[in-house]
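Asker: Below you'll find run07.cif; it's mmCIF, C-alpha atoms and all ligand atoms.
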```cif
data_coords
loop_
_atom_site.group_PDB
_atom_site.id
_atom_site.type_symbol
_atom_site.label_atom_id
_atom_site.label_comp_id
_atom_site.auth_asym_id
_atom_site.auth_seq_id
_atom_site.Cartn_x
_atom_site.Cartn_y
_atom_site.Cartn_z
ATOM 1 C CA MET A 1 -2.898 11.012 -18.011
ATOM 2 C CA ALA A 2 -1.430 13.425 -20.505
ATOM 3 C CA GLU A 3 -2.855 14.357 -23.879
ATOM 4 C CA GLU A 4 -2.990 11.600 -26.448
ATOM 5 C CA ARG A 5 -4.257 11.114 -29.966
ATOM 6 C CA LEU A 6 -7.979 10.649 -30.045
ATOM 7 C CA GLN A 7 -7.887 7.349 -31.951
ATOM 8 C CA LYS A 8 -5.520 5.926 -29.340
ATOM 9 C CA ILE A 9 -7.768 7.049 -26.490
ATOM 10 C CA ILE A 10 -10.833 5.505 -28.128
ATOM 11 C CA SER A 11 -9.113 2.193 -28.753
ATOM 12 C CA SER A 12 -7.681 2.045 -25.244
ATOM 13 C CA ALA A 13 -11.189 2.482 -23.854
ATOM 14 C CA GLY A 14 -11.729 -0.939 -25.386
ATOM 15 C CA ILE A 15 -14.598 -0.167 -27.734
ATOM 16 C CA THR A 16 -12.802 -0.688 -31.024
ATOM 17 C CA SER A 17 -9.437 -0.929 -32.773
ATOM 18 C CA ARG A 18 -7.340 2.116 -33.510
ATOM 19 C CA ARG A 19 -8.051 1.849 -37.247
ATOM 20 C CA LYS A 20 -11.820 1.674 -36.695
ATOM 21 C CA ALA A 21 -11.519 4.605 -34.291
ATOM 22 C CA GLU A 22 -9.975 6.637 -37.089
ATOM 23 C CA GLU A 23 -12.969 5.829 -39.283
ATOM 24 C CA LEU A 24 -15.346 6.922 -36.522
ATOM 25 C CA ILE A 25 -13.501 10.231 -36.260
ATOM 26 C CA VAL A 26 -13.567 10.862 -40.016
ATOM 27 C CA GLN A 27 -17.268 9.983 -40.074
ATOM 28 C CA GLY A 28 -17.927 12.731 -37.531
ATOM 29 C CA ARG A 29 -19.151 10.379 -34.823
ATOM 30 C CA VAL A 30 -16.687 11.548 -32.175
ATOM 31 C CA THR A 31 -17.028 14.674 -30.043
ATOM 32 C CA VAL A 32 -14.649 16.252 -27.571
ATOM 33 C CA ASN A 33 -16.321 18.529 -25.045
ATOM 34 C CA GLY A 34 -19.369 18.739 -27.284
ATOM 35 C CA LYS A 35 -17.489 19.594 -30.481
ATOM 36 C CA VAL A 36 -17.348 17.197 -33.436
ATOM 37 C CA ILE A 37 -13.756 16.345 -34.274
ATOM 38 C CA ARG A 38 -13.039 14.991 -37.757
ATOM 39 C CA GLU A 39 -9.348 15.602 -37.945
ATOM 40 C CA LEU A 40 -7.138 12.592 -37.313
ATOM 41 C CA GLY A 41 -4.307 13.267 -34.928
ATOM 42 C CA THR A 42 -6.296 15.642 -32.770
ATOM 43 C CA LYS A 43 -5.187 15.260 -29.188
ATOM 44 C CA ALA A 44 -7.258 15.133 -26.014
ATOM 45 C CA ASP A 45 -6.790 14.407 -22.335
ATOM 46 C CA PRO A 46 -8.877 11.415 -21.244
ATOM 47 C CA ASP A 47 -8.740 12.601 -17.605
ATOM 48 C CA LYS A 48 -10.158 16.037 -18.338
ATOM 49 C CA ASP A 49 -11.990 15.998 -21.655
ATOM 50 C CA HIS A 50 -15.441 14.573 -22.260
ATOM 51 C CA ILE A 51 -15.027 12.294 -25.218
ATOM 52 C CA LYS A 52 -18.137 10.803 -26.785
ATOM 53 C CA VAL A 53 -18.603 8.242 -29.545
ATOM 54 C CA ASP A 54 -22.095 8.228 -31.052
ATOM 55 C CA GLY A 55 -23.174 10.351 -28.103
ATOM 56 C CA LYS A 56 -21.889 7.893 -25.506
ATOM 57 C CA LEU A 57 -19.294 9.052 -23.017
ATOM 58 C CA LEU A 58 -16.079 7.016 -22.962
ATOM 59 C CA ARG A 59 -15.278 5.402 -19.658
ATOM 60 C CA PHE A 60 -11.918 4.010 -18.763
ATOM 61 C CA LYS A 61 -11.523 1.044 -16.544
ATOM 62 C CA GLU A 62 -8.699 1.836 -14.208
ATOM 63 C CA GLN A 63 -6.220 -0.960 -14.121
ATOM 64 C CA LYS A 64 -5.724 -2.302 -10.638
ATOM 65 C CA THR A 65 -2.214 -1.904 -9.334
ATOM 66 C CA TYR A 66 -0.708 -3.559 -6.267
ATOM 67 C CA ILE A 67 2.746 -2.556 -5.113
ATOM 68 C CA LEU A 68 4.995 -3.802 -2.350
ATOM 69 C CA LEU A 69 7.515 -1.197 -1.196
ATOM 70 C CA ASN A 70 10.368 -1.459 1.256
ATOM 71 C CA LYS A 71 9.933 1.932 2.881
ATOM 72 C CA PRO A 72 13.038 3.694 4.157
ATOM 73 C CA VAL A 73 12.905 5.694 7.386
ATOM 74 C CA LYS A 74 12.260 9.419 7.024
ATOM 75 C CA TYR A 75 9.398 9.062 4.550
ATOM 76 C CA VAL A 76 5.760 9.675 5.435
ATOM 77 C CA THR A 77 3.032 7.295 4.276
ATOM 78 C CA THR A 78 0.476 10.055 3.716
ATOM 79 C CA LEU A 79 -0.030 11.443 0.217
ATOM 80 C CA SER A 80 1.224 14.855 1.225
ATOM 81 C CA ASP A 81 2.854 16.266 4.315
ATOM 82 C CA PRO A 82 2.189 19.689 5.822
ATOM 83 C CA GLU A 83 5.817 19.761 6.997
ATOM 84 C CA GLY A 84 7.076 19.067 3.482
ATOM 85 C CA ARG A 85 8.742 15.771 4.352
ATOM 86 C CA PRO A 86 9.221 13.250 1.525
ATOM 87 C CA THR A 87 6.325 10.881 0.856
ATOM 88 C CA VAL A 88 6.512 7.225 -0.144
ATOM 89 C CA ILE A 89 4.811 8.136 -3.429
ATOM 90 C CA GLU A 90 8.037 9.853 -4.461
ATOM 91 C CA LEU A 91 9.739 6.449 -4.392
ATOM 92 C CA LEU A 92 7.428 5.029 -7.044
ATOM 93 C CA ARG A 93 9.059 6.345 -10.165
ATOM 94 C CA GLY A 94 7.696 4.569 -13.193
ATOM 95 C CA VAL A 95 4.309 3.748 -11.659
ATOM 96 C CA LYS A 96 1.467 4.987 -13.826
ATOM 97 C CA GLY A 97 -1.686 6.287 -12.195
ATOM 98 C CA ARG A 98 -2.457 7.001 -8.591
ATOM 99 C CA VAL A 99 -1.946 4.548 -5.774
ATOM 100 C CA TYR A 100 -2.190 5.127 -2.072
ATOM 101 C CA PRO A 101 -0.726 3.395 0.967
ATOM 102 C CA VAL A 102 -2.612 0.555 2.629
ATOM 103 C CA GLY A 103 -2.464 1.578 6.277
ATOM 104 C CA ARG A 104 0.527 3.413 7.623
ATOM 105 C CA LEU A 105 4.065 3.131 8.820
ATOM 106 C CA ASP A 106 5.594 5.775 11.063
ATOM 107 C CA TYR A 107 8.110 8.256 9.691
ATOM 108 C CA ASP A 108 10.826 6.409 11.626
ATOM 109 C CA THR A 109 9.668 2.893 10.741
ATOM 110 C CA SER A 110 11.027 1.103 7.716
ATOM 111 C CA GLY A 111 9.888 -2.004 5.896
ATOM 112 C CA LEU A 112 6.999 -3.402 3.948
ATOM 113 C CA LEU A 113 4.151 -1.215 2.795
ATOM 114 C CA LEU A 114 1.455 -2.127 0.295
ATOM 115 C CA LEU A 115 0.129 0.519 -2.073
ATOM 116 C CA THR A 116 -2.827 0.148 -4.394
ATOM 117 C CA ASN A 117 -5.602 1.927 -6.245
ATOM 118 C CA ASP A 118 -8.011 -0.867 -5.270
ATOM 119 C CA GLY A 119 -10.065 0.535 -2.409
ATOM 120 C CA GLY A 120 -11.868 -2.710 -1.605
ATOM 121 C CA PHE A 121 -8.603 -4.601 -1.359
ATOM 122 C CA ALA A 122 -7.071 -1.883 0.857
ATOM 123 C CA ASN A 123 -10.007 -2.019 3.257
ATOM 124 C CA MET A 124 -9.797 -5.788 3.512
ATOM 125 C CA ILE A 125 -6.109 -5.750 4.306
ATOM 126 C CA MET A 126 -6.468 -2.998 6.890
ATOM 127 C CA HIS A 127 -9.512 -4.260 8.716
ATOM 128 C CA PRO A 128 -8.515 -6.074 11.929
ATOM 129 C CA LYS A 129 -11.407 -8.521 11.595
ATOM 130 C CA PHE A 130 -9.628 -10.204 8.676
ATOM 131 C CA GLU A 131 -6.571 -10.761 10.859
ATOM 132 C CA ILE A 132 -3.864 -10.191 8.282
ATOM 133 C CA GLN A 133 -0.683 -10.798 10.265
ATOM 134 C CA LYS A 134 2.070 -8.196 10.208
ATOM 135 C CA THR A 135 5.500 -9.000 11.545
ATOM 136 C CA TYR A 136 7.997 -6.452 12.814
ATOM 137 C CA GLU A 137 11.559 -6.646 13.989
ATOM 138 C CA ALA A 138 12.083 -4.238 16.856
ATOM 139 C CA LYS A 139 15.282 -3.100 18.497
ATOM 140 C CA ILE A 140 14.391 -2.185 22.041
ATOM 141 C CA GLU A 141 16.173 -0.676 24.985
ATOM 142 C CA GLY A 142 17.325 -3.417 27.297
ATOM 143 C CA GLU A 143 15.820 -6.869 27.285
ATOM 144 C CA LEU A 144 12.337 -8.145 28.020
ATOM 145 C CA ASN A 145 11.834 -10.455 30.968
ATOM 146 C CA ASP A 146 9.345 -13.336 30.853
ATOM 147 C CA LYS A 147 6.635 -11.328 32.583
ATOM 148 C CA GLU A 148 6.913 -8.506 30.078
ATOM 149 C CA ILE A 149 6.804 -10.952 27.180
ATOM 150 C CA GLU A 150 3.668 -12.488 28.640
ATOM 151 C CA LYS A 151 2.086 -9.049 28.948
ATOM 152 C CA LEU A 152 2.729 -8.336 25.270
ATOM 153 C CA GLN A 153 1.501 -11.762 24.224
ATOM 154 C CA LYS A 154 -1.718 -11.605 26.211
ATOM 155 C CA GLY A 155 -2.610 -8.099 25.093
ATOM 156 C CA MET A 156 -2.771 -4.868 27.028
ATOM 157 C CA LYS A 157 -5.012 -1.864 27.338
ATOM 158 C CA LEU A 158 -4.246 0.977 24.964
ATOM 159 C CA GLU A 159 -6.706 3.871 25.058
ATOM 160 C CA GLY A 160 -9.040 1.772 27.176
ATOM 161 C CA ARG A 161 -9.187 -1.085 24.674
ATOM 162 C CA MET A 162 -7.289 -4.366 24.823
ATOM 163 C CA THR A 163 -4.855 -5.158 22.057
ATOM 164 C CA ALA A 164 -5.268 -8.543 20.428
ATOM 165 C CA PRO A 165 -2.720 -11.183 21.471
ATOM 166 C CA ALA A 166 0.713 -10.773 19.903
ATOM 167 C CA ARG A 167 3.354 -13.338 19.014
ATOM 168 C CA ILE A 168 6.811 -12.523 20.362
ATOM 169 C CA LYS A 169 10.121 -14.107 19.509
ATOM 170 C CA LYS A 170 13.506 -13.144 20.924
ATOM 171 C CA LEU A 171 16.040 -12.647 18.143
ATOM 172 C CA ARG A 172 19.359 -11.396 19.541
ATOM 173 C CA ARG A 173 21.050 -9.222 22.143
ATOM 174 C CA THR A 174 23.449 -6.375 21.622
ATOM 175 C CA ASP A 175 25.445 -4.690 24.380
ATOM 176 C CA LYS A 176 22.642 -2.721 25.959
ATOM 177 C CA ASN A 177 19.716 -3.536 23.723
ATOM 178 C CA SER A 178 17.940 -6.435 22.090
ATOM 179 C CA TRP A 179 16.055 -7.382 18.942
ATOM 180 C CA LEU A 180 12.680 -9.061 18.995
ATOM 181 C CA GLU A 181 10.134 -10.150 16.477
ATOM 182 C CA ILE A 182 6.519 -9.217 17.109
ATOM 183 C CA THR A 183 3.519 -10.282 15.050
ATOM 184 C CA ILE A 184 0.161 -8.542 15.348
ATOM 185 C CA HIS A 185 -2.868 -8.173 13.113
ATOM 186 C CA GLU A 186 -4.120 -4.799 14.284
ATOM 187 C CA GLY A 187 -2.860 -1.483 12.989
ATOM 188 C CA ARG A 188 -3.523 1.079 15.662
ATOM 189 C CA LYS A 189 -1.487 4.229 15.614
ATOM 190 C CA ARG A 190 2.080 3.559 16.765
ATOM 191 C CA GLN A 191 0.829 0.311 18.218
ATOM 192 C CA VAL A 192 4.093 -1.626 18.422
ATOM 193 C CA ARG A 193 5.999 1.319 19.846
ATOM 194 C CA ARG A 194 3.316 1.955 22.447
ATOM 195 C CA MET A 195 3.084 -1.697 23.420
ATOM 196 C CA PHE A 196 6.799 -1.881 24.109
ATOM 197 C CA GLU A 197 6.778 1.469 25.893
ATOM 198 C CA ARG A 198 4.111 0.062 28.188
ATOM 199 C CA THR A 199 6.529 -2.635 29.264
ATOM 200 C CA GLY A 200 9.124 0.072 29.975
ATOM 201 C CA HIS A 201 11.271 -0.443 26.883
ATOM 202 C CA SER A 202 11.523 2.161 24.146
ATOM 203 C CA VAL A 203 11.716 1.068 20.561
ATOM 204 C CA LEU A 204 14.935 2.256 18.939
ATOM 205 C CA LYS A 205 14.340 0.751 15.494
ATOM 206 C CA LEU A 206 11.300 -0.786 13.896
ATOM 207 C CA ILE A 207 11.153 -2.688 10.626
ATOM 208 C CA ARG A 208 8.074 -4.358 9.157
ATOM 209 C CA THR A 209 9.428 -7.584 7.690
ATOM 210 C CA LYS A 210 6.235 -9.405 6.736
ATOM 211 C CA ILE A 211 2.662 -8.764 5.703
ATOM 212 C CA ALA A 212 0.946 -12.167 5.725
ATOM 213 C CA PHE A 213 3.153 -14.324 3.450
ATOM 214 C CA LEU A 214 4.870 -11.345 1.796
ATOM 215 C CA ASP A 215 8.463 -11.116 2.976
ATOM 216 C CA ILE A 216 10.968 -8.289 2.867
ATOM 217 C CA LYS A 217 13.712 -10.603 1.608
ATOM 218 C CA GLY A 218 14.977 -9.633 -1.837
ATOM 219 C CA LEU A 219 13.616 -6.096 -1.644
ATOM 220 C CA ASN A 220 16.242 -3.509 -0.725
ATOM 221 C CA THR A 221 15.365 -0.347 1.167
ATOM 222 C CA GLY A 222 13.590 2.073 -1.160
ATOM 223 C CA GLU A 223 12.836 -0.612 -3.739
ATOM 224 C CA TYR A 224 9.396 -1.762 -4.792
ATOM 225 C CA ARG A 225 7.845 -4.460 -6.910
ATOM 226 C CA PHE A 226 4.408 -5.201 -8.314
ATOM 227 C CA LEU A 227 2.485 -8.062 -6.746
ATOM 228 C CA ILE A 228 1.681 -10.851 -9.150
ATOM 229 C CA LYS A 229 -1.916 -11.988 -9.574
ATOM 230 C CA ALA A 230 -1.358 -15.149 -7.540
ATOM 231 C CA GLU A 231 -0.254 -13.021 -4.567
ATOM 232 C CA VAL A 232 -3.256 -10.710 -4.809
ATOM 233 C CA ASP A 233 -5.553 -13.747 -5.029
ATOM 234 C CA ARG A 234 -3.866 -15.370 -2.056
ATOM 235 C CA LEU A 235 -4.250 -12.229 0.066
ATOM 236 C CA THR A 236 -7.889 -11.992 -0.928
ATOM 237 C CA ARG A 237 -8.417 -15.638 0.027
ATOM 238 C CA LEU A 238 -6.824 -14.999 3.421
ATOM 239 C CA THR A 239 -9.352 -12.296 4.139
ATOM 240 C CA GLU A 240 -12.186 -14.555 3.018
ATOM 241 C CA GLU A 241 -11.002 -17.199 5.459
ATOM 242 C CA GLY A 242 -10.747 -14.547 8.186
ATOM 243 C CA ARG A 243 -7.147 -15.470 8.813
HETATM 244 N N1 LIG A 301 3.574 0.038 14.936
HETATM 245 C C1 LIG A 301 4.247 1.174 15.191
HETATM 246 O O1 LIG A 301 4.410 1.561 16.321
HETATM 247 N N2 LIG A 301 4.726 1.867 14.138
HETATM 248 C C2 LIG A 301 4.588 1.477 12.865
HETATM 249 O O2 LIG A 301 5.067 2.158 11.971
HETATM 250 C C3 LIG A 301 3.896 0.298 12.623
HETATM 251 C C4 LIG A 301 3.386 -0.408 13.677
#
```
Would it be possible to restate this file's structure as C-alpha cells?
Answerer:
Amino acid sequence: MAEERLQKIISSAGITSRRKAEELIVQGRVTVNGKVIRELGTKADPDKDHIKVDGKLLRFKEQKTYILLNKPVKYVTTLSDPEGRPTVIELLRGVKGRVYPVGRLDYDTSGLLLLTNDGGFANMIMHPKFEIQKTYEAKIEGELNDKEIEKLQKGMKLEGRMTAPARIKKLRRTDKNSWLEITIHEGRKRQVRRMFERTGHSVLKLIRTKIAFLDIKGLNTGEYRFLIKAEVDRLTRLTEEGR
C-alpha cells in the first residue's frame, strides 16, 4: 500500500470514522513510529509505519481475494522467474494486494488458474485428499487405443506411486492427432503430460478447462474475474464433503 492520510488509514482499520480519527489526531492520541502526530493531513504507509492509537498498534484485516484467470501459454505460475519469463501476476492489472497461484500450470499449458491471498483456501484446493476435480483438454500425438485409455483410467505408476484413477473422454480427431478430455484430482508435476507420455503419446497442447464447477467458458485467454462469495462457499463445501 502506498502512503495515505493518517485519518483515512485509521478509519480503514475499522476502529472509528474518518472524522473521529481527525479528532484523535488533534488530541495527540496518534503516533507514527513512536512520534506523536497532531497535524491533519500527515501521510503514512500502513505497510511500513507503526501507527498507534492510544498506544495500541493498528492492525489491518487483509481482505480475502479469489481470482480465476485464463492463463495464456508462455507465462510461469511462480511469483518470479530466474529466466525472466513473464509471470501470471503481470496479467492481474487492477488487483490490489498480493495474491499467489493455487497450484501450478506449466509454462506451455493454458487455462484456468485460481489465485488468492487465502492460504487455508489454497491448501484445501491443492490437497489431493479433498479430490477437487480438474479437467483438461489435451491434443495428443496420434490416437489412444482402448488399452491405453484403460491404463490412464486405472492409474499408473509415476515415480513409484500410482496415480489416482482418471476420467477420459475422446473429443475429436485431426489428421494425425486427437483431442481428449482428462479429469484428475491430483496435481503432481507435469502429471497429465507424463501420463500420456507413458502411453506413448506426447501432449502437443494442454488446456485446463475446469476446476470443480468453474468453467473456462466466457473467460478469454489472459482474462480474469473475481470469484463471487457463493463460488468460494461452494468450493469450500466441496472440500468439506471430500469430493
Ligand atoms: N498436468 C500437466 O502436465 N501440466 C499442467 O500444466 C497441468 C497438469
Asker: Residues up to 7 Å from ligand LIG 301 (chain A), counting only C-alpha atoms and all ligand atoms: could you list those as a ChimeraX atom specification?
Answerer: /A:104-106,109,187,189-194
Asker: Neighbours of Asp175 in chain A within 12 Å (all atoms listed in the file; same-chain residues fewer than 2 positions away dropped), as a ChimeraX atom specification?
Answerer: /A:139-143,172-173,177-179
Asker: Restrict the selected residues to C-alpha atoms and save them as a CSV table (one decimal), in the frame of the given file.
Answerer:
```
chain,number,residue,atom,x,y,z
A,139,LYS,CA,15.3,-3.1,18.5
A,140,ILE,CA,14.4,-2.2,22.0
A,141,GLU,CA,16.2,-0.7,25.0
A,142,GLY,CA,17.3,-3.4,27.3
A,143,GLU,CA,15.8,-6.9,27.3
A,172,ARG,CA,19.4,-11.4,19.5
A,173,ARG,CA,21.0,-9.2,22.1
A,177,ASN,CA,19.7,-3.5,23.7
A,178,SER,CA,17.9,-6.4,22.1
A,179,TRP,CA,16.1,-7.4,18.9
```
Asker: Name the closest residue to Leu24 in chain A among the candidates A:Pro72, A:Gly55, A:Pro46, A:Gly111; distances are taken between atoms, counting all atoms listed in the file.
Answerer: A:Gly55
Asker: Name the closest residue to Glu148 in chain A among the candidates A:Gly200, A:Gly218, A:Pro101, A:Pro86; distances are taken between atoms, counting only C-alpha atoms.
Answerer: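 Distance minimum relative to Glu148 in chain A lands on A:Gly200.
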Asker: Ranking A:Ile168, A:Leu6, A:Val32, A:Ile37 by minimum distance to Leu57 in chain A and counting all atoms listed in the file, which one comes first?
Answerer: A:Val32
Asker: Which residue, A:Leu144, A:Leu219, A:Val232, A:Ile9, has the smallest gap to Ser202 in chain A when you use all atoms listed in the file?
Answerer: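 That would be A:Leu144, the residue with the smallest distance to Ser202 in chain A.
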